[in-house]
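To start, the structure itself, in structure tokens.
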Amino acid sequence: MQTAKPRWTRRRRNQALIGAAYIAPSFILMFIFNVAPIFLSIYFSFTKYDMTAAPQWVGFDNYIKLGANKYLGMVLENTVQYVLITVPIQTILALLIAAFIAENMKNRYGSFMRSVIFIPVIASLIASAAVWNVMYQPKGGLINQCMNFLGFESVNFLGKKATAMPSVAAVAIWKSTGYYMVIYYAGIMNVPGEVREAAIVDGASPIQRFWYITLPILRPITYMIVTLGIIGSFQVFDLVYKMTGGGPGRATLTVAYMIYSYAFQDKRMGYACALAVGLLVVILLIHQLQTLFFKERDGQ
Amino acid sequence: MKKRLTFGKAAGVVLVTLFAILCVLPLLYMVAVSFTDSESLYIGLKDLRFDFSNFEYAITKRNFGLALKNSVITVIGSCLLVDIVSAMAAYGFEKKPVPGKETLFQGYLATMMIPGQVILIPMFMMINKAHLTNTFAALILPMVGAFGIFLMRQFMVAVSNDLLEAAEIDGCGELRRFVTIVLPLVQPALITLTIFTFNATWNNFLWPLIINTRSEMATLPVTMSTLSSNSTTNYGMVMAGATLTFLFPFVLYIFLQKQFVEGIALGGVKG
């Protein structure tokens with residue numbers, strides 16, 4: 001009898017066992033550190049647990065308390081504000097720079113520029129935060145010195161409610177634009193030469209080519225970059241921790257920072273887990289919405 | 001293609017150049033301030049001194065020497081573990097007839113969507129229960145992730161089955177085939193993965209902050225975070241710490257720039 005499927009011979013069974021042995025170490029580590037914690041987080045979100053006494057089942061208590069938390073609305077607003085500043089700006093900047101370099105600077109200078117723009121990506125967020133803290137200093141910080149030189153008053157960037165969050169977001173944009181630029185650039189380089197040439201023959205201007213050819217072809221990459229950007233920005237922690245500590249007056253308190261402080265400063269593990277599960281649900285919802293949005297646009 | 005230098009193009013080149021300058025300016029400023037001893041920021045070129053006293057102070061008095069050692073150990077351990085575990089898993093997934101492997105692989109990929117904060121607290125509890133706080137194991141073991149396995153599998157596809165079969169017929173054993181044939185063939189992927197792991201581990205902050213609370217176990221970013229950069233501090237010393245933290249990834253980037261960028265592009269375009 002001839003079948004497409006290979007028979008379950010002794011050799012094949014042997015190979016399957018060997019294969020399982022190769023996969024096993026990753027399985028154990030992935031299970032312990034990536035999969036099990038998701039379910040444990042959900043479990044602990046229904047308990048009261050301070051790490052000394054045993055966890056105590058409290059049902060939906062944590063979620064009800066969370067709903068009544070007077071800071072939650074503000075914290076969500078701060079986080080969304082941060083996402084809405086960072087994601088569009090870093091995505092558009094990365095796209096424009098990548099497209100321009102690919103179109104007009106395909107030479108050594110262009111490749112040097114790409115290398116330089118990538119450098120902030122490799123810096124640690126904490127070191128970056130420390131550097132920008134110094135640059136934002138009201139007295140003598142580089143930015144204020146420049147502003148004074150141009151005749152403007154000094155601004156206490158991180159100390160004022162109105163400017164604190166945008167100032168933190170600026171550091172994130174500075175750090176991640178190069179990363180997304182590299183992805184966009186590779187995507188543009190993958191556009192078949194014939195497509196471009198055909199457009200040039202048809203007399204399309206560079207801007208038309210960008211708008212009607214490059215941009216639609218890059219749609220899957222844009223989708224991925226926006227997804228990564230939203231997921232990353234929703235979890236902003238390092239910058240807030242080092243630059244503002246959530247201040248001034250909770251103006252930069254974000255969801256991730258709130259989870260950290262409930263769990264590791266107040267030892268309210270169950271409550272913090274409920275907030276973390278909430279964050280997961282929000283991120284998954286946004287991801288669903290975004291997928292719908294991209295699908296719908298594709299359907300046109 | 002037009003070779004004419006138009007006004008728009010010239011303006012674009014200037015803007016890109018300005019953005020590039022903006023990208024490195026803070027880092028140049030960081031290095032410059034680390035070579036001054038001023039506690040004020042009103043500094044000029046005359047304040048630069050070419051001695052390493054700020055670095056010396058940070059290393060000997062502010063724990064940066066120990067933090068550097070801890071970071072290096074953690075990074076080496078993580079890179080080795082991630083490379084070995086990911087390469088093995090990718091080989092198993094791609095070359096062995098394990099039942100249900102595709103479902104498992106999809107499950108791995110799904111974990112990439114989970115925000116870190118969701119798994120942070122239970123991870124902390126488990127490490128605590130296992131009495132692994134303040135150990136290198138606590139820093140290294142969680143570094144294995146779906147991304148590395150995904151990346152390695154992309155490259156494993158290109159490893160020829162005929163070659164593996166021929167080696168088997170020649171009497172080359174299973175483990176020897178993996179080590180002497182498969183690993184050398186996926187070497188570019190291993191380099192890319194090493195760079196990723198290096199960067200992720202070196203710059204990892206929240207996890208080392210909560211899991212290793214003893215200062216002898218602190219890594220560079222954690223030690224860095226304890227230095228205040230408020231108005232009363234010695235800016236030179238703080239920036240020396242930041243420079244130290246930045247130096248190693250930067251040197252790696254200078255030497256392995258192509259792999260850095262290609263790795264990200266590959267993960268991005270295919271992923």
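Naming works like this for the structure tokens: A, B, ... for the chains as they're shown, residue 1 at the start of each chain, ligands 1 onward in shown order.
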What are the closest atom pairs, with distances in Å to one decimal, for each residue of region 121-170 of chain B lying within 7 Å of region 195-211 of chain B, using only C-alpha atoms, rows by chain and rising residue number, as a tab-separated table?
```
residue	atom	partner	partner_atom	distance
B:Phe124	CA	B:Ile211	CA	6.6
B:Thr133	CA	B:Ile211	CA	5.6
B:Asn134	CA	B:Ile211	CA	6.5
B:Leu139	CA	B:Pro208	CA	6.5
```
So that I can see what lies close to Pro88 (chain A), please list as a PDB file with C-alpha atoms, in the first residue's frame the residues with an atom at most 9 Å from it, counting only C-alpha atoms and leaving out residues fewer than 4 positions away in the same chain.
```pdb
ATOM      1  CA  VAL A  83       1.656  55.414  23.411  1.00  0.00           C
ATOM      2  CA  LEU A  84      -0.029  58.061  21.258  1.00  0.00           C
ATOM      3  CA  ILE A  92       6.515  57.896  10.619  1.00  0.00           C
ATOM      4  CA  LEU A  93      10.064  59.132  11.267  1.00  0.00           C
ATOM      5  CA  VAL A 226       2.843  49.444  14.977  1.00  0.00           C
ATOM      6  CA  GLY A 229       5.434  49.725  19.129  1.00  0.00           C
TER       7      GLY A 229
END
```
Could you write out, as number ranges by chain, all the residues of region 50-102 of chain B that DSSP marks as alpha helix (DSSP H)? B: 53-61, 64-95, 101-102
Polymer residues at most 12 Å from region 45-58 of chain A, only C-alpha atoms, same-chain spacing of 2 or more positions, as a PyMOL selection string: (chain A and resi 37-43+60-66+262-278) or (chain B and resi 118-119+121-122+124-126+128-129)
Please write the residues from the selection above to a file, keeping N, CA, C and O atoms, as a compact mmCIF listing (two decimals), in the first residue's frame.
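File produced: out.txt:
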```txt
# COMPACT_ATOMS: atom_id res chain seq x y z
N PRO A 37 3.63 31.15 34.18
CA PRO A 37 3.35 32.43 34.87
C PRO A 37 2.08 33.13 34.41
O PRO A 37 1.46 33.83 35.20
N ILE A 38 1.67 32.90 33.15
CA ILE A 38 0.44 33.55 32.69
C ILE A 38 -0.74 33.04 33.53
O ILE A 38 -1.54 33.82 34.04
N PHE A 39 -0.80 31.70 33.67
CA PHE A 39 -1.91 31.11 34.41
C PHE A 39 -1.81 31.43 35.90
O PHE A 39 -2.81 31.67 36.56
N LEU A 40 -0.58 31.43 36.41
CA LEU A 40 -0.40 31.78 37.82
C LEU A 40 -0.83 33.22 38.07
O LEU A 40 -1.45 33.52 39.10
N SER A 41 -0.53 34.11 37.13
CA SER A 41 -0.94 35.51 37.27
C SER A 41 -2.45 35.61 37.37
O SER A 41 -2.99 36.34 38.21
N ILE A 42 -3.13 34.85 36.50
CA ILE A 42 -4.60 34.87 36.53
C ILE A 42 -5.09 34.32 37.87
O ILE A 42 -5.95 34.90 38.53
N TYR A 43 -4.47 33.21 38.32
CA TYR A 43 -4.86 32.64 39.60
C TYR A 43 -4.65 33.64 40.74
O TYR A 43 -5.56 33.92 41.52
N PHE A 60 -13.53 38.09 43.01
CA PHE A 60 -13.30 39.24 42.14
C PHE A 60 -12.92 40.51 42.90
O PHE A 60 -12.91 41.60 42.32
N ASP A 61 -12.60 40.36 44.18
CA ASP A 61 -12.30 41.52 45.02
C ASP A 61 -11.29 42.49 44.42
O ASP A 61 -11.50 43.69 44.40
N ASN A 62 -10.17 41.90 43.95
CA ASN A 62 -9.11 42.76 43.41
C ASN A 62 -9.59 43.56 42.22
O ASN A 62 -9.25 44.73 42.06
N TYR A 63 -10.39 42.90 41.37
CA TYR A 63 -10.88 43.59 40.17
C TYR A 63 -11.87 44.69 40.55
O TYR A 63 -11.88 45.76 39.95
N ILE A 64 -12.68 44.40 41.57
CA ILE A 64 -13.64 45.42 42.02
C ILE A 64 -12.89 46.62 42.59
O ILE A 64 -13.17 47.77 42.27
N LYS A 65 -11.88 46.32 43.42
CA LYS A 65 -11.07 47.40 44.00
C LYS A 65 -10.38 48.21 42.91
O LYS A 65 -10.27 49.42 42.99
N LEU A 66 -9.93 47.48 41.91
CA LEU A 66 -9.22 48.13 40.81
C LEU A 66 -10.15 49.11 40.10
O LEU A 66 -9.76 50.22 39.75
N TYR A 262 2.87 48.37 43.21
CA TYR A 262 1.95 47.55 44.03
C TYR A 262 2.61 46.24 44.44
O TYR A 262 2.50 45.80 45.58
N ALA A 263 3.31 45.60 43.49
CA ALA A 263 3.86 44.27 43.77
C ALA A 263 5.11 44.34 44.64
O ALA A 263 5.22 43.61 45.62
N PHE A 264 6.05 45.19 44.26
CA PHE A 264 7.37 45.08 44.88
C PHE A 264 7.66 46.15 45.91
O PHE A 264 8.65 46.06 46.62
N GLN A 265 6.82 47.17 46.00
CA GLN A 265 6.98 48.12 47.09
C GLN A 265 5.92 47.88 48.17
O GLN A 265 6.23 47.84 49.33
N ASP A 266 4.65 47.66 47.74
CA ASP A 266 3.58 47.44 48.72
C ASP A 266 3.33 45.96 49.02
O ASP A 266 2.54 45.65 49.90
N LYS A 267 3.97 45.06 48.28
CA LYS A 267 3.78 43.61 48.45
C LYS A 267 2.31 43.19 48.31
O LYS A 267 1.85 42.27 49.00
N ARG A 268 1.56 43.87 47.49
CA ARG A 268 0.17 43.45 47.23
C ARG A 268 0.16 42.66 45.93
O ARG A 268 -0.23 43.16 44.87
N MET A 269 0.62 41.41 46.03
CA MET A 269 0.86 40.60 44.83
C MET A 269 -0.43 40.33 44.05
O MET A 269 -0.47 40.43 42.84
N GLY A 270 -1.49 39.95 44.77
CA GLY A 270 -2.75 39.62 44.11
C GLY A 270 -3.32 40.82 43.36
O GLY A 270 -3.72 40.72 42.20
N TYR A 271 -3.30 41.96 44.03
CA TYR A 271 -3.82 43.19 43.44
C TYR A 271 -3.02 43.57 42.19
O TYR A 271 -3.58 43.91 41.15
N ALA A 272 -1.69 43.45 42.32
CA ALA A 272 -0.82 43.78 41.18
C ALA A 272 -1.07 42.82 40.02
O ALA A 272 -1.06 43.21 38.85
N CYS A 273 -1.31 41.53 40.35
CA CYS A 273 -1.61 40.55 39.30
C CYS A 273 -2.90 40.91 38.56
O CYS A 273 -2.99 40.78 37.34
N ALA A 274 -3.90 41.38 39.32
CA ALA A 274 -5.16 41.77 38.68
C ALA A 274 -4.91 42.89 37.69
O ALA A 274 -5.43 42.89 36.56
N LEU A 275 -4.07 43.85 38.08
CA LEU A 275 -3.74 44.95 37.18
C LEU A 275 -2.98 44.44 35.95
O LEU A 275 -3.24 44.86 34.82
N ALA A 276 -2.07 43.47 36.18
CA ALA A 276 -1.30 42.91 35.07
C ALA A 276 -2.20 42.17 34.10
O ALA A 276 -2.05 42.28 32.88
N VAL A 277 -3.17 41.41 34.64
CA VAL A 277 -4.10 40.69 33.78
C VAL A 277 -4.94 41.70 32.99
O VAL A 277 -5.20 41.52 31.79
N GLY A 278 -5.33 42.78 33.66
CA GLY A 278 -6.04 43.86 32.98
C GLY A 278 -5.24 44.39 31.81
O GLY A 278 -5.74 44.59 30.71
N VAL B 118 3.00 40.80 32.90
CA VAL B 118 2.01 39.79 33.24
C VAL B 118 2.68 38.57 33.87
O VAL B 118 2.15 37.96 34.79
N ILE B 119 3.88 38.24 33.40
CA ILE B 119 4.53 37.04 33.93
C ILE B 119 5.54 37.37 35.02
O ILE B 119 6.05 36.48 35.69
N ILE B 121 5.38 38.82 38.06
CA ILE B 121 5.12 38.56 39.48
C ILE B 121 5.20 37.06 39.80
O ILE B 121 5.91 36.67 40.73
N PRO B 122 4.52 36.18 39.02
CA PRO B 122 4.68 34.74 39.29
C PRO B 122 6.12 34.26 39.13
O PRO B 122 6.58 33.40 39.88
N PHE B 124 8.77 35.97 39.77
CA PHE B 124 9.44 36.40 41.00
C PHE B 124 9.13 35.42 42.14
O PHE B 124 10.02 35.02 42.89
N MET B 125 7.84 35.01 42.24
CA MET B 125 7.45 34.08 43.32
C MET B 125 8.15 32.73 43.16
O MET B 125 8.62 32.15 44.14
N MET B 126 8.22 32.25 41.91
CA MET B 126 8.82 30.94 41.68
C MET B 126 10.31 30.95 42.01
O MET B 126 10.82 30.04 42.68
N ASN B 128 11.77 32.93 43.99
CA ASN B 128 11.83 33.07 45.43
C ASN B 128 11.66 31.73 46.13
O ASN B 128 12.42 31.38 47.03
N LYS B 129 10.62 30.97 45.70
CA LYS B 129 10.34 29.65 46.26
C LYS B 129 11.49 28.69 46.06
O LYS B 129 11.77 27.85 46.91
```
Got a sec to pull out which chain B residues are within 6 Å of chain A, counting only C-alpha atoms, and send them as a list of chain:residue names? B:Ala20, B:Cys23, B:Leu41, B:Tyr42, B:Val85, B:Met88, B:Ala89, B:Gly92, B:Lys96, B:Pro97, B:Val98, B:Val118, B:Ile119, B:Pro122, B:Pro142, B:Asn203, B:Pro221, B:Ala242, B:Phe246, B:Ala265, B:Gly268
With only C-alpha atoms as the counted atoms, please give the residues lying no more than 9 Å from Lys161 (chain A), apart from itself and same-chain residues fewer than 5 positions off, as a PyMOL selection string. chain A and resi 247-252
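CA of Leu81 (chain B) lies 19.1 Å from CA of Gln154 (chain B).
Between CA of Val168 (chain A) and CA of Thr36 (chain B) lies a distance of 26.0 Å.
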Between CA of Met224 (chain B) and CA of Leu239 (chain A) - distance in Å to one decimal: 12.6 Å
Given only C-alpha atoms as the counted atoms, nearest of B:Ile21, B:Ala58, B:Val14, B:Ala130 to Leu220 (chain B): B:Ala58
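When only C-alpha atoms are used to measure the gap to Ile230 (chain A), the shortest distance among A:Ser111, A:Asn69, A:Gln81, A:Ser167 belongs to A:Gln81.
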